[in-house]
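For reference, the structure is listed below as structure tokens.
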Amino acid sequence: MRQFCGLHENGPFHGETASTAARYPSRPMAGTGSHTYQAPKGTRDFYPSDLAVRRHIEGAWRSASIDCGFDEVEGPTFEHLELYTAKSGDGIVNELFSFRRAGGENDYALRPEFTPTLARMVAARAGSLPVPVKWFAIPNMFRAERPQRGRLREFVQWNVDVCGVEGAAHDVDVIACAVLALERLGLRPTDVEVRLSHRVAIARMLAALGVADEKTGDAMTLLDRRDKLKPEEFAERAAALGLSADAVARFDTAARATQRLSEPVAALAAKIGVPEAEFAALDEVRAAAERAGILEWCTVDVGIVRGLAYYTGTVFEVHEVSGAERAVAGGGRYDGLVELFGGPKMPACGFGMGDVVLANVLRDRKLLPEDGATLLPRPDAFVVSAGGETAEALLPSLLMRLRRAGLHARTTTKTTKNVGKLLGDAGKARARFAVILGAELADGNVAVKDLDAGTQAVVPLAELESSLHPRA
Ligand code: HAM
């Protein structure tokens with residue numbers, strides 16, 4: 001667990017009473033010799049073109065959520081520490097940024113995930129919320145991980161969750177929402193896939209292989225680590241679960257077993273050598289995915305068990321098909337969490353999708369522009385004064401008039417009266433129309449140039465708004 005106090009990552013730990021200067025030591029950072037400031041490791045500065053990319057991704061997330069019937073929620077950026085130590089699992093607990101208010105006694109942590117907050121919020125109002133509770137959120141998250149490709153210390157994570165309903169159809173409801181957003185961003189099943197499994201099916205498979213009940217958790221942890229361990233080490237640890245040599249071999253096959261969700265589970269069961277009935281839960285997911293029309297996006301992957309400690313049923317991750325990137329998203333069913341936070345017994349299912357890996361995949365697939373600035377909103381009108389006191393006097397109020405009409409109106413700060421140069425600026429600003437306040441003003445008119453079509457018309461000033469077509 002990484003601890004810090006106040007704003008400075010290297011500040012003193014809990015309970016110290018130091019002067020402000022000592023609490024926030026001024027630390028020279030790498031620079032040109034004079035004192036320079038850098039953003040903390042693993043965080044990002046979003047300049048306009050960077051933020052335009054993020055908003056583009058968030059736009060697809062938000063529109064998919066709303067179209068699938070989810071309402072947006074938000075929670076605090078930090079929570080009581082025990083909200084995470086209760087059930088998130090070691091992976092997340094070891095990556096917490098935790099802290100105490102100076103002189104305070106409560107431990108807090110910056111949110112590393114949204115699910116505990118959501119479960120706490122649902123638990124607090126469970127009696128009055130309409131069921132199913134269908135919520136989405138787009139919060140920023142903090143994890144003290146080693147920054148690397150696909151992993152930062154602050155990132156944005158889209159969360160989509162449904163609470164109060166059981167069954168594969170609802171698991172698929174959230175997966176379908178993820179698929180809709182991926183489609184809207186231009187991705188296809190040839191680019192990314194939903195790799196899924198079911199913890200109940202896996203527990204039954206493990207029992208059929210001879211894993212004792214009390215070792216199920218260890219066996220799932222081992223499945224989760226299959227790609228991180230050498231084959232010999234994996235086999236050694238599987239044997240330590242009390243498995244026979246034959247069962248170790250079948251466990252190894254299972255850990256790497258994948259097949260399209262559209263294929264019958266009998267094939268999977270035969271490959272691993274366990275009865276088909278153990279995979280009945282996956283059959284239900286297949287039927288629901290088929291009904292929802294997302295079957296082609298889905299693959300069964302027996303090695304997906306998910307590290308987080310609260311999952312109880314269907315579990316899934318979205319991956320780039322070649323496996324080159326870390327997971328784009330992860331989620332599953334967590335039927336016990338709302339109750340754990342003081343609510344009634346309430347089943348729930350959902351996922352989190354981060355912006356970092358997703359942006360990498362979109363960039364690799366050329367689904368993001370080279371220059372994010374092209375995603376910035378285009379001005380409807382770029383108003384220029386072609387000289388004359390009347391034009392200069394009119395400009396500020398005309399801009400405000402257009403803005404009051406809901407139009408995105410800009411102008412230039414250049415003093416040149418060279419209309420060609422001013423139109424060049426309008427083009428650079430990617431405006432749809434240039435409005436030229438020139439000699440026509442004497443007759444109550446302005447020139448309007450359609451910068452996309454290259455055409456120009458003289459328009460009565462009083463009718464200007466209607467000649468600037470509404471935003472596409
Ligand atoms: P998670 O698998 O820990 O699940 O995270 C979900 C996604 O968040 C990951 O697949 C990845 O895209 C992104 N992510 C996680 N850590 C980082 C990081 N350090 N840098 C960049 N991106 C990251 C959860 O958080 C669950 N609470 C999801 C959930 C919601 N389950 C049910 N509802």
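So you can find residues: chains in the structure tokens are A, B, ... in the order shown, residues in each start at 1, and ligands are numbered from 1 in order.
Based on only C-alpha atoms and all ligand atoms, the protein and nucleic acid residues found within 6 Å of ligand 1 are, by chain and then by number, Glu113, Phe114, Thr115, Arg143, Glu145, Gly150, Arg151, Leu152, Arg153, Phe155, Gln157, Asn159, Asp161, Ala327, Val328, Ala329, Gly330, Gly331, Gly332, Cys349, Gly350, Phe351, Gly352, Met353, Gly354, Val356 and Val357 of chain A.
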Include N, CA, C and O atoms and write out the residues we just selected as a tab-separated table (two decimals), in the first residue's frame.
```
chain	number	residue	atom	x	y	z
A	113	GLU	N	-10.86	1.81	-7.91
A	113	GLU	CA	-11.92	1.22	-8.72
A	113	GLU	C	-13.24	1.80	-8.23
A	113	GLU	O	-13.29	2.44	-7.17
A	114	PHE	N	-14.32	1.58	-8.98
A	114	PHE	CA	-15.59	2.21	-8.63
A	114	PHE	C	-16.57	1.22	-7.96
A	114	PHE	O	-17.51	1.65	-7.28
A	115	THR	N	-16.34	-0.08	-8.15
A	115	THR	CA	-17.33	-1.08	-7.72
A	115	THR	C	-17.67	-0.99	-6.22
A	115	THR	O	-18.85	-1.02	-5.88
A	143	ARG	N	-4.14	4.12	-9.12
A	143	ARG	CA	-3.48	2.89	-8.66
A	143	ARG	C	-1.97	3.12	-8.68
A	143	ARG	O	-1.43	3.58	-9.70
A	145	GLU	N	0.62	1.71	-9.45
A	145	GLU	CA	1.30	0.67	-10.24
A	145	GLU	C	2.57	1.23	-10.84
A	145	GLU	O	2.75	2.44	-10.93
A	150	GLY	N	-0.07	0.76	-21.20
A	150	GLY	CA	-1.39	0.30	-20.75
A	150	GLY	C	-1.63	0.45	-19.26
A	150	GLY	O	-2.73	0.15	-18.79
A	151	ARG	N	-0.63	0.89	-18.51
A	151	ARG	CA	-0.79	1.02	-17.07
A	151	ARG	C	-0.29	2.37	-16.58
A	151	ARG	O	0.88	2.71	-16.78
A	152	LEU	N	-1.17	3.16	-15.98
A	152	LEU	CA	-0.78	4.45	-15.42
A	152	LEU	C	-1.22	4.50	-13.96
A	152	LEU	O	-1.87	3.57	-13.47
A	153	ARG	N	-0.87	5.59	-13.29
A	153	ARG	CA	-1.29	5.72	-11.89
A	153	ARG	C	-2.59	6.49	-11.76
A	153	ARG	O	-3.23	6.44	-10.72
A	155	PHE	N	-6.05	7.05	-14.29
A	155	PHE	CA	-6.66	6.75	-15.58
A	155	PHE	C	-8.17	6.94	-15.45
A	155	PHE	O	-8.69	7.16	-14.36
A	157	GLN	N	-11.93	5.30	-16.08
A	157	GLN	CA	-12.49	3.96	-16.22
A	157	GLN	C	-14.03	4.06	-16.31
A	157	GLN	O	-14.69	4.52	-15.38
A	159	ASN	N	-17.53	2.55	-16.04
A	159	ASN	CA	-18.15	1.46	-15.29
A	159	ASN	C	-19.60	1.33	-15.68
A	159	ASN	O	-20.33	2.33	-15.75
A	161	ASP	N	-22.92	-1.11	-14.60
A	161	ASP	CA	-23.32	-2.14	-13.63
A	161	ASP	C	-24.84	-2.26	-13.57
A	161	ASP	O	-25.55	-1.27	-13.71
A	327	ALA	N	-5.63	-6.08	-20.82
A	327	ALA	CA	-7.08	-6.08	-21.01
A	327	ALA	C	-7.62	-4.65	-21.22
A	327	ALA	O	-7.19	-3.71	-20.55
A	328	VAL	N	-8.53	-4.54	-22.17
A	328	VAL	CA	-9.22	-3.27	-22.42
A	328	VAL	C	-10.28	-3.06	-21.33
A	328	VAL	O	-10.55	-1.94	-20.89
A	329	ALA	N	-10.90	-4.16	-20.90
A	329	ALA	CA	-11.97	-4.07	-19.89
A	329	ALA	C	-12.01	-5.38	-19.12
A	329	ALA	O	-11.52	-6.41	-19.58
A	330	GLY	N	-12.62	-5.31	-17.93
A	330	GLY	CA	-12.79	-6.52	-17.14
A	330	GLY	C	-14.01	-6.38	-16.26
A	330	GLY	O	-14.35	-5.27	-15.84
A	331	GLY	N	-14.67	-7.49	-16.00
A	331	GLY	CA	-15.84	-7.41	-15.14
A	331	GLY	C	-16.42	-8.77	-14.85
A	331	GLY	O	-15.81	-9.80	-15.16
A	332	GLY	N	-17.61	-8.74	-14.31
A	332	GLY	CA	-18.27	-10.01	-14.01
A	332	GLY	C	-19.37	-9.83	-12.99
A	332	GLY	O	-19.73	-8.70	-12.61
A	349	CYS	N	-23.88	-7.24	-11.46
A	349	CYS	CA	-22.92	-7.60	-12.52
A	349	CYS	C	-22.48	-6.32	-13.22
A	349	CYS	O	-23.29	-5.39	-13.39
A	350	GLY	N	-21.24	-6.25	-13.63
A	350	GLY	CA	-20.79	-5.05	-14.33
A	350	GLY	C	-19.35	-5.19	-14.80
A	350	GLY	O	-18.74	-6.23	-14.65
A	351	PHE	N	-18.84	-4.10	-15.36
A	351	PHE	CA	-17.45	-4.12	-15.83
A	351	PHE	C	-16.84	-2.72	-15.75
A	351	PHE	O	-17.57	-1.72	-15.60
A	352	GLY	N	-15.52	-2.67	-15.85
A	352	GLY	CA	-14.80	-1.42	-15.96
A	352	GLY	C	-13.95	-1.46	-17.23
A	352	GLY	O	-13.33	-2.48	-17.52
A	353	MET	N	-13.97	-0.38	-17.98
A	353	MET	CA	-13.15	-0.28	-19.20
A	353	MET	C	-12.28	0.97	-19.09
A	353	MET	O	-12.80	2.07	-18.89
A	354	GLY	N	-10.95	0.79	-19.16
A	354	GLY	CA	-10.06	1.93	-19.01
A	354	GLY	C	-9.80	2.62	-20.33
A	354	GLY	O	-9.89	2.02	-21.40
A	356	VAL	N	-6.83	3.90	-21.22
A	356	VAL	CA	-5.44	3.85	-21.68
A	356	VAL	C	-5.22	2.75	-22.73
A	356	VAL	O	-4.74	3.02	-23.84
A	357	VAL	N	-5.60	1.51	-22.37
A	357	VAL	CA	-5.41	0.41	-23.32
A	357	VAL	C	-6.31	0.62	-24.54
A	357	VAL	O	-5.90	0.39	-25.68
```
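Residues in contact with Val192 in chain A at up to 7 Å, not including ones fewer than 6 positions away on its chain and judged by only C-alpha atoms, are Val318, His319, Glu320 and Val321 of chain A.
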Could you take the residues named above and write them with C-alpha atoms, as a short mmCIF file (atom, residue, chain, number, x, y, z; two decimals), in the first residue's frame?
```cif
data_model
loop_
_atom_site.label_atom_id
_atom_site.label_comp_id
_atom_site.auth_asym_id
_atom_site.auth_seq_id
_atom_site.Cartn_x
_atom_site.Cartn_y
_atom_site.Cartn_z
CA VAL A 318 -12.13 -7.54 -23.40
CA HIS A 319 -8.82 -8.12 -25.19
CA GLU A 320 -7.19 -7.07 -28.41
CA VAL A 321 -7.37 -10.29 -30.46
#
```
| note | Computed gap from CA of Val160 in chain A to CA of Ala280 in chain A is 25.7 Å
| remark: Using only C-alpha atoms, the residue out of A:Glu325, A:Asp425, A:Asp371, A:Glu389 with shortest distance to Tyr47 in chain A is A:Asp371
| query | Skipping near chain neighbours, those fewer than 5 positions away, what residues fall within 12 Å of Val435 in chain A using only C-alpha atoms, listed as number ranges by chain? | reply | A: 379-386, 391, 395, 398-399, 402, 409-412, 419, 422-423, 426, 440-441, 445-451, 456-461, 464-465, 467-468
| said: Taking only C-alpha atoms into account, name the residue in A:Gly454, A:Gly424, A:Gly210, A:Pro264 that is nearest to Ala245 in chain A. | reply: A:Gly210
| query | as a PyMOL selection string, which residues of range 109-228 of chain A does DSSP assign to strand (DSSP E)? | reply | chain A and resi 109-110+133-137+140-142+154-163+192-198
| Near Arg120 in chain A, within 8 Å and counting only C-alpha atoms, which residues show up once chain neighbours fewer than 5 positions away are dropped, as number ranges by chain? | A: 338, 341-343
| remark: Of A:Thr374, A:Thr390, A:Ser63, A:Thr299, the one sitting nearest Ala181 in chain A when using only C-alpha atoms is A:Ser63
